[in-house]
>>> print(open('structure37.txt').read())   # compact mmCIF, C-alpha atoms
# COMPACT_ATOMS: atom_id res chain seq x y z
CA MET D 282 0.00 0.00 0.00
CA ILE D 283 1.16 3.52 -0.77
CA ASN D 284 1.29 6.03 2.06
CA THR D 285 -0.55 9.34 1.90
CA PRO D 286 1.78 12.12 0.64
CA ALA D 287 3.48 14.15 3.36
CA PRO D 288 1.86 17.51 4.23
CA LEU D 289 3.17 20.45 2.23
CA GLU D 290 3.90 23.99 3.28
CA GLU D 291 0.81 26.13 2.65
CA GLY D 292 0.97 28.36 -0.39
CA PRO D 293 -0.03 28.61 -4.04
CA PRO D 294 -0.64 25.43 -6.07
CA LEU D 295 2.51 23.32 -6.34
CA LEU D 296 3.60 21.67 -9.60
CA GLN D 297 5.87 18.62 -9.34
CA THR D 298 7.11 16.91 -12.50
CA ASP D 299 8.71 13.54 -13.13
CA THR D 300 9.80 13.24 -16.75
CA ALA D 301 11.02 9.67 -16.19
CA SER D 302 7.47 8.49 -15.47
CA GLY D 303 5.82 11.13 -17.65
CA ILE D 304 3.61 12.22 -14.74
CA ALA D 305 3.12 15.75 -13.39
CA THR D 306 1.24 16.45 -10.15
CA LEU D 307 -0.49 19.75 -9.42
CA THR D 308 -1.46 20.12 -5.76
CA LEU D 309 -3.74 22.69 -4.13
CA ARG D 310 -2.08 23.43 -0.82
CA ARG D 311 -4.03 25.73 1.46
CA PRO D 312 -5.63 23.04 3.67
CA GLY D 313 -6.02 25.52 6.54
CA GLN D 314 -8.35 27.54 4.27
CA ARG D 315 -10.04 24.42 2.84
CA ASN D 316 -7.99 24.96 -0.32
CA SER D 317 -10.06 27.95 -1.39
CA LEU D 318 -8.64 29.69 -4.45
CA THR D 319 -7.56 33.31 -4.69
CA ASP D 320 -6.96 35.28 -7.87
CA ASP D 321 -3.22 34.72 -7.41
CA ASP D 322 -3.84 30.97 -7.16
CA LEU D 323 -5.84 31.05 -10.40
CA HIS D 324 -3.05 32.83 -12.26
CA HIS D 325 -0.57 30.34 -10.83
CA LEU D 326 -2.71 27.39 -11.97
CA LEU D 327 -2.77 28.81 -15.49
CA ASP D 328 1.02 29.14 -15.44
CA CYS D 329 1.43 25.56 -14.20
CA ILE D 330 -0.85 24.14 -16.89
CA ALA D 331 1.08 26.07 -19.55
CA GLN D 332 4.36 24.70 -18.17
CA VAL D 333 3.08 21.13 -18.38
CA ASN D 334 1.75 21.70 -21.91
CA ALA D 335 5.22 22.83 -23.02
CA ASP D 336 6.99 19.65 -21.86
CA ALA D 337 6.17 16.81 -24.25
CA ALA D 338 7.78 14.30 -21.89
CA LEU D 339 4.85 14.80 -19.50
CA ARG D 340 1.99 12.60 -20.62
CA VAL D 341 -0.27 12.79 -17.54
CA LEU D 342 -1.28 15.62 -15.22
CA VAL D 343 -2.73 14.65 -11.81
CA LEU D 344 -4.75 17.30 -9.96
CA ARG D 345 -5.06 16.78 -6.22
CA ALA D 346 -5.18 18.68 -2.93
CA ASP D 347 -3.37 18.68 0.39
CA THR D 348 -5.99 17.95 3.07
CA ALA D 349 -3.60 17.57 6.03
CA GLY D 350 -5.03 18.68 9.37
CA GLN D 351 -8.60 19.06 8.14
CA PRO D 352 -11.27 17.48 10.37
CA ARG D 353 -12.99 16.28 7.18
CA PRO D 354 -11.08 16.23 3.88
CA VAL D 355 -11.93 19.15 1.57
CA PHE D 356 -10.37 19.12 -1.88
CA SER D 357 -11.38 22.74 -2.39
CA ALA D 358 -14.04 25.11 -1.08
CA GLY D 359 -13.96 26.92 -4.44
CA TYR D 360 -13.25 30.54 -5.20
CA HIS D 361 -12.49 32.82 -2.27
CA VAL D 362 -15.65 34.92 -2.55
CA GLY D 363 -13.95 37.98 -1.10
CA GLY D 364 -12.30 38.32 -4.49
CA PHE D 365 -15.59 39.41 -6.04
CA ASP D 366 -15.41 42.61 -4.02
CA ARG D 367 -12.01 43.54 -5.42
CA GLY D 368 -12.11 46.07 -8.19
CA ASP D 369 -9.46 44.23 -10.21
CA HIS D 370 -11.20 40.85 -10.29
CA GLY D 371 -11.85 39.80 -13.87
CA PRO D 372 -15.24 38.08 -14.18
CA GLN D 373 -13.85 35.42 -16.53
CA LEU D 374 -10.65 34.70 -14.59
CA PHE D 375 -11.95 31.58 -12.84
CA GLU D 376 -13.49 30.25 -16.06
CA ARG D 377 -10.10 30.36 -17.77
CA VAL D 378 -8.66 27.75 -15.40
CA PRO D 379 -11.02 24.80 -16.00
CA ASP D 380 -11.10 25.75 -19.68
CA ALA D 381 -7.30 25.50 -19.77
CA LEU D 382 -7.40 22.24 -17.82
CA GLU D 383 -9.92 20.75 -20.24
CA ARG D 384 -7.73 21.78 -23.21
CA ALA D 385 -4.47 20.64 -21.57
CA ARG D 386 -2.26 18.59 -23.89
CA PRO D 387 -1.62 15.61 -21.58
CA LEU D 388 -4.28 13.32 -20.18
CA THR D 389 -5.62 14.69 -16.91
CA LEU D 390 -6.63 12.78 -13.80
CA CYS D 391 -8.40 14.35 -10.83
CA ALA D 392 -7.55 12.65 -7.54
CA LEU D 393 -10.57 13.96 -5.63
CA ASN D 394 -9.29 13.30 -2.13
CA GLY D 395 -12.04 15.25 -0.36
CA SER D 396 -15.28 17.14 -0.83
CA VAL D 397 -15.46 19.91 -3.40
CA TYR D 398 -17.60 23.03 -3.55
CA GLY D 399 -18.48 25.93 -5.83
CA GLY D 400 -16.26 26.75 -8.77
CA ALA D 401 -13.75 24.07 -7.80
CA THR D 402 -16.30 21.46 -8.87
CA ASP D 403 -15.58 22.59 -12.44
CA LEU D 404 -11.89 21.76 -12.01
CA VAL D 405 -12.98 18.21 -11.25
CA LEU D 406 -15.29 18.08 -14.28
CA ALA D 407 -12.62 19.56 -16.57
CA CYS D 408 -10.30 16.59 -16.02
CA ASP D 409 -10.44 13.63 -18.38
CA LEU D 410 -10.77 11.00 -15.64
CA ARG D 411 -11.54 11.11 -11.93
CA LEU D 412 -11.05 9.01 -8.80
CA ALA D 413 -12.93 9.93 -5.63
CA LEU D 414 -12.45 9.39 -1.92
CA ALA D 415 -15.46 7.57 -0.47
CA GLY D 416 -17.72 9.75 1.67
CA SER D 417 -16.91 12.95 -0.24
CA GLU D 418 -19.51 15.24 -1.78
CA LEU D 419 -19.89 17.79 -4.56
CA ARG D 420 -21.94 20.95 -4.01
CA MET D 421 -22.71 23.83 -6.37
CA PRO D 422 -24.27 26.79 -4.45
CA ALA D 423 -24.24 29.36 -7.30
CA CYS D 424 -28.00 29.92 -7.45
CA SER D 425 -28.31 30.11 -3.66
CA LEU D 426 -25.69 32.89 -3.78
CA GLY D 427 -27.49 34.75 -6.58
CA LEU D 428 -24.99 33.84 -9.30
CA HIS D 429 -25.62 32.60 -12.86
CA TYR D 430 -22.71 30.29 -13.63
CA TYR D 431 -20.45 30.84 -16.63
CA PRO D 432 -21.27 29.11 -19.95
CA THR D 433 -18.42 26.60 -20.31
CA GLY D 434 -18.97 25.41 -16.74
CA LEU D 435 -22.67 24.84 -17.44
CA ARG D 436 -21.72 22.88 -20.56
CA ARG D 437 -19.34 20.67 -18.59
CA TYR D 438 -22.00 20.02 -15.95
CA VAL D 439 -24.55 18.93 -18.56
CA ASN D 440 -21.99 16.89 -20.52
CA ARG D 441 -20.55 15.11 -17.50
CA LEU D 442 -23.61 14.72 -15.26
CA GLY D 443 -26.53 14.87 -17.71
CA LEU D 444 -29.27 17.49 -17.63
CA ASN D 445 -31.27 16.13 -14.70
CA LEU D 446 -28.33 15.84 -12.30
CA ALA D 447 -26.97 19.21 -13.46
CA LYS D 448 -30.34 20.78 -12.62
CA ARG D 449 -30.34 19.12 -9.21
CA ALA D 450 -26.85 20.43 -8.52
CA PHE D 451 -27.60 24.02 -9.51
CA LEU D 452 -31.28 24.50 -8.72
CA THR D 453 -31.27 22.87 -5.28
CA GLY D 454 -27.73 23.72 -4.19
CA ARG D 455 -27.72 20.50 -2.18
CA PRO D 456 -24.66 18.27 -1.95
CA LEU D 457 -24.35 15.24 -4.20
CA ALA D 458 -22.48 12.24 -2.82
CA VAL D 459 -19.64 10.93 -4.99
CA GLU D 460 -21.17 7.47 -4.69
CA GLU D 461 -24.39 8.76 -6.30
CA LEU D 462 -22.46 10.58 -9.03
CA ALA D 463 -20.53 7.41 -9.78
CA ALA D 464 -23.71 5.32 -9.98
CA GLN D 465 -25.93 7.74 -11.91
CA ALA D 466 -23.47 9.64 -14.11
CA ALA D 467 -20.44 7.34 -14.21
CA LEU D 468 -18.46 10.43 -13.20
CA PHE D 469 -15.70 8.55 -11.38
CA GLU D 470 -13.51 5.66 -12.45
CA GLN D 471 -13.57 4.45 -8.86
CA VAL D 472 -14.80 5.58 -5.46
CA LEU D 473 -12.30 4.31 -2.93
CA PRO D 474 -11.72 4.19 0.83
CA ALA D 475 -8.74 6.10 2.16
CA ALA D 476 -6.66 2.95 2.56
CA GLN D 477 -6.82 2.24 -1.18
CA PHE D 478 -6.97 5.74 -2.63
CA GLU D 479 -3.29 6.63 -3.12
CA GLU D 480 -2.40 3.28 -4.65
CA ALA D 481 -5.30 3.61 -7.12
CA VAL D 482 -4.23 7.13 -8.11
CA LEU D 483 -0.67 6.00 -8.81
CA HIS D 484 -1.81 2.89 -10.70
CA THR D 485 -4.21 4.91 -12.88
CA ALA D 486 -1.67 7.65 -13.59
CA ARG D 487 0.96 5.08 -14.62
CA HIS D 488 -1.54 3.30 -16.83
CA LEU D 489 -2.42 6.56 -18.62
CA ALA D 490 1.27 7.43 -19.01
CA HIS D 491 1.80 4.17 -20.94
CA MET D 492 -0.89 4.92 -23.53
CA ALA D 493 0.27 5.95 -27.01
CA PRO D 494 0.61 9.73 -26.46
CA LEU D 495 -0.10 10.97 -29.99
CA ALA D 496 -3.25 8.90 -30.35
CA ALA D 497 -4.46 9.48 -26.79
CA GLN D 498 -3.93 13.23 -26.86
CA ALA D 499 -5.48 13.65 -30.32
CA THR D 500 -8.44 11.45 -29.37
CA LYS D 501 -8.96 13.50 -26.21
CA GLN D 502 -9.12 16.67 -28.32
CA SER D 503 -11.58 15.13 -30.74
CA LEU D 504 -13.87 13.81 -28.00
CA ASN D 505 -13.93 17.21 -26.28
CA GLU D 506 -14.75 18.94 -29.56
CA ILE D 507 -17.56 16.49 -30.27
CA ALA D 508 -18.98 16.97 -26.77
CA ALA D 509 -18.88 20.76 -27.22
CA GLY D 510 -20.64 20.51 -30.59
CA ARG D 511 -17.82 22.21 -32.46
CA PHE D 512 -15.95 19.39 -34.18
CA ASP D 513 -14.62 19.48 -37.72
CA GLU D 514 -14.80 16.06 -39.41
CA VAL D 515 -11.98 16.99 -41.77
CA LEU D 516 -9.72 17.70 -38.80
CA LEU D 517 -10.73 14.45 -37.13
CA ARG D 518 -9.85 12.57 -40.34
CA GLU D 519 -6.47 14.30 -40.38
CA ARG D 520 -5.81 13.15 -36.83
CA GLU D 521 -6.82 9.61 -37.78
CA ALA D 522 -4.42 9.64 -40.73
CA MET D 523 -1.63 11.10 -38.55
CA SER D 524 -2.00 8.29 -36.05
CA MET D 525 -2.03 5.60 -38.73
CA ALA D 526 1.23 6.95 -40.17
CA SER D 527 2.93 7.30 -36.78
CA ALA D 528 5.82 5.31 -35.37
CA ASP D 529 3.65 4.70 -32.31
CA PHE D 530 1.04 2.82 -34.35
CA ALA D 531 3.77 0.70 -35.93
CA GLU D 532 5.17 -0.01 -32.48
CA GLY D 533 1.72 -0.87 -31.13
CA ARG D 534 1.17 -3.41 -33.89
CA ALA D 535 4.64 -4.90 -33.44
CA ALA D 536 4.17 -5.17 -29.69
CA MET D 537 0.81 -6.89 -30.10
CA ALA D 538 2.29 -9.38 -32.56
CA ALA D 539 5.21 -10.10 -30.23
CA ARG D 540 2.96 -10.19 -27.16
CA ARG D 541 5.09 -7.65 -25.32
CA PRO D 542 4.36 -4.23 -23.78
CA PRO D 543 4.65 -1.41 -26.33
CA ARG D 544 7.37 1.25 -26.02
CA PHE D 545 5.78 4.39 -27.41
CA SER D 546 8.00 7.30 -28.41
CA GLY D 547 5.34 9.91 -29.12
CA ARG D 548 6.26 10.06 -32.83
>>> encode(input="structure37.txt", output="structure tokens")
Amino acid sequence: MINTPAPLEEGPPLLQTDTASGIATLTLRRPGQRNSLTDDDLHHLLDCIAQVNADAALRVLVLRADTAGQPRPVFSAGYHVGGFDRGDHGPQLFERVPDALERARPLTLCALNGSVYGGATDLVLACDLRLALAGSELRMPACSLGLHYYPTGLRRYVNRLGLNLAKRAFLTGRPLAVEELAAQAALFEQVLPAAQFEEAVLHTARHLAHMAPLAAQATKQSLNEIAAGRFDEVLLREREAMSMASADFAEGRAAMAARRPPRFSGR
């Protein structure tokens, strides 16, 4: 079994990269403030995502949170609402972060190691795959605060949860248990007890890192475009042709014929 990561010093989100494994980890680390996000944190998250995008050796990005010392694990309490009262707060700043996460080049995995609230729920939905800690919940209080949510976040809610669950989340503002979201919307790959969570995160991240990167990353783009209703079939055909002509596809076929694990180069 893998031990829970050691507590980190509180501060802005921390990016850790391991090019040997191809895995980057982005950790929210203000557990004393339930990992609420300030404007500075949002800018830092955008910078971290851009840094990962620029390093082709990184094939997987894991998003997680430090929950050390919390009486009940909270992945993030969402945006620090005091920021709305600042004159320099840009109304679309928060939206840019999950949008960037959804468009990120590598495959993304959310390790939801606690409950999540408000805008931070969209960070979870923006990831490609998700694992959840049993007993956690997701709550979207926008309407109870008097706020109409931003368009791309609404789209992700409907795409990931379906219309009925999205309406329940927004129009009631009541928490949804991760177990219910897994059963009704297939939102999570697994819902796990604490004793199994870290091992499952590592296993899933390593599995994703061994996928053929060109095909996986291009397929991710195409699926997102289809879900958003803005796909171009010509572009999708070009991606198909690119993958068929790639060294990775040749390696995949050779590995299957030899009954050995493939060694993808990303070419």
>>> residues_around(input="structure37.txt", residues="stretch 409-426 of chain D", least_positions_apart="3", cutoff="7 Å", atoms="only C-alpha atoms", output="PyMOL selection string")
chain D and resi 388-399+402+429-430+450-452+454-459+469-475+478
>>> closest_atom_pairs(input="structure37.txt", of="stretch 296-372 of chain D", to="stretch 380-386 of chain D", cutoff="9 Å", atoms="all atoms listed in the file", output="tab-separated table")
residue	atom	partner	partner_atom	distance
D:Leu327	CA	D:Ala381	CA	7.1
D:Ile330	CA	D:Ala385	CA	6.9
D:Ala331	CA	D:Ala385	CA	8.0
D:Val333	CA	D:Arg386	CA	8.1
D:Asn334	CA	D:Arg386	CA	5.4
D:Ala335	CA	D:Arg386	CA	8.6
D:Ala337	CA	D:Arg386	CA	8.6
D:Arg340	CA	D:Arg386	CA	8.0
D:Val341	CA	D:Arg386	CA	8.8
D:Leu342	CA	D:Ala385	CA	8.7
>>> closest_residue(input="structure37.txt", among="D:Asp529, D:Glu521, D:Glu291, D:Glu460", to="D:Gly350", atoms="all atoms listed in the file")
D:Glu291
>>> closest_residue(input="structure37.txt", among="D:Gly547, D:Thr433, D:Val343, D:Gln373", to="D:His491", atoms="all atoms listed in the file")
D:Gly547
>>> closest_residue(input="structure37.txt", among="D:Ala349, D:Ile304, D:Val515, D:Leu289", to="D:Asp336", atoms="only C-alpha atoms")
D:Ile304
>>> atom_distance(input="structure37.txt", atom1="atom CA of D:Ser524", atom2="atom CA of D:Arg511")
21.4 Å
>>> closest_residue(input="structure37.txt", among="D:Pro312, D:Leu442, D:Gly533, D:Gln477", to="D:Ala464", atoms="all atoms listed in the file")
D:Leu442
>>> residues_around(input="structure37.txt", residues="D:Val439", least_positions_apart="4", cutoff="12 Å", atoms="all atoms listed in the file", output="list of chain:residue names")
D:Asp403, D:Leu406, D:Pro432, D:Thr433, D:Gly434, D:Leu435, D:Gly443, D:Leu444, D:Asn445, D:Leu446, D:Ala447, D:Lys448, D:Arg449, D:Ala450, D:Phe451, D:Ala466, D:Leu468, D:Ala508, D:Ala509
>>> atom_distance(input="structure37.txt", atom1="atom CA of D:Gln502", atom2="atom CA of D:Glu519")
12.6 Å
>>> atom_distance(input="structure37.txt", atom1="atom CA of D:Leu495", atom2="atom CA of D:Arg548")
7.0 Å
>>> closest_residue(input="structure37.txt", among="D:Cys408, D:Phe375, D:Leu323, D:Gln498", to="D:Tyr431", atoms="only C-alpha atoms")
D:Phe375
>>> closest_residue(input="structure37.txt", among="D:Gly292, D:Gly400, D:Pro379, D:Pro542", to="D:Gln314", atoms="only C-alpha atoms")
D:Gly292
>>> residues_around(input="structure37.txt", residues="D:Asp299", least_positions_apart="5", cutoff="9 Å", atoms="only C-alpha atoms", output="list in words")
Ile304, Ala305, Thr306, Ala338 and Leu339 of chain D
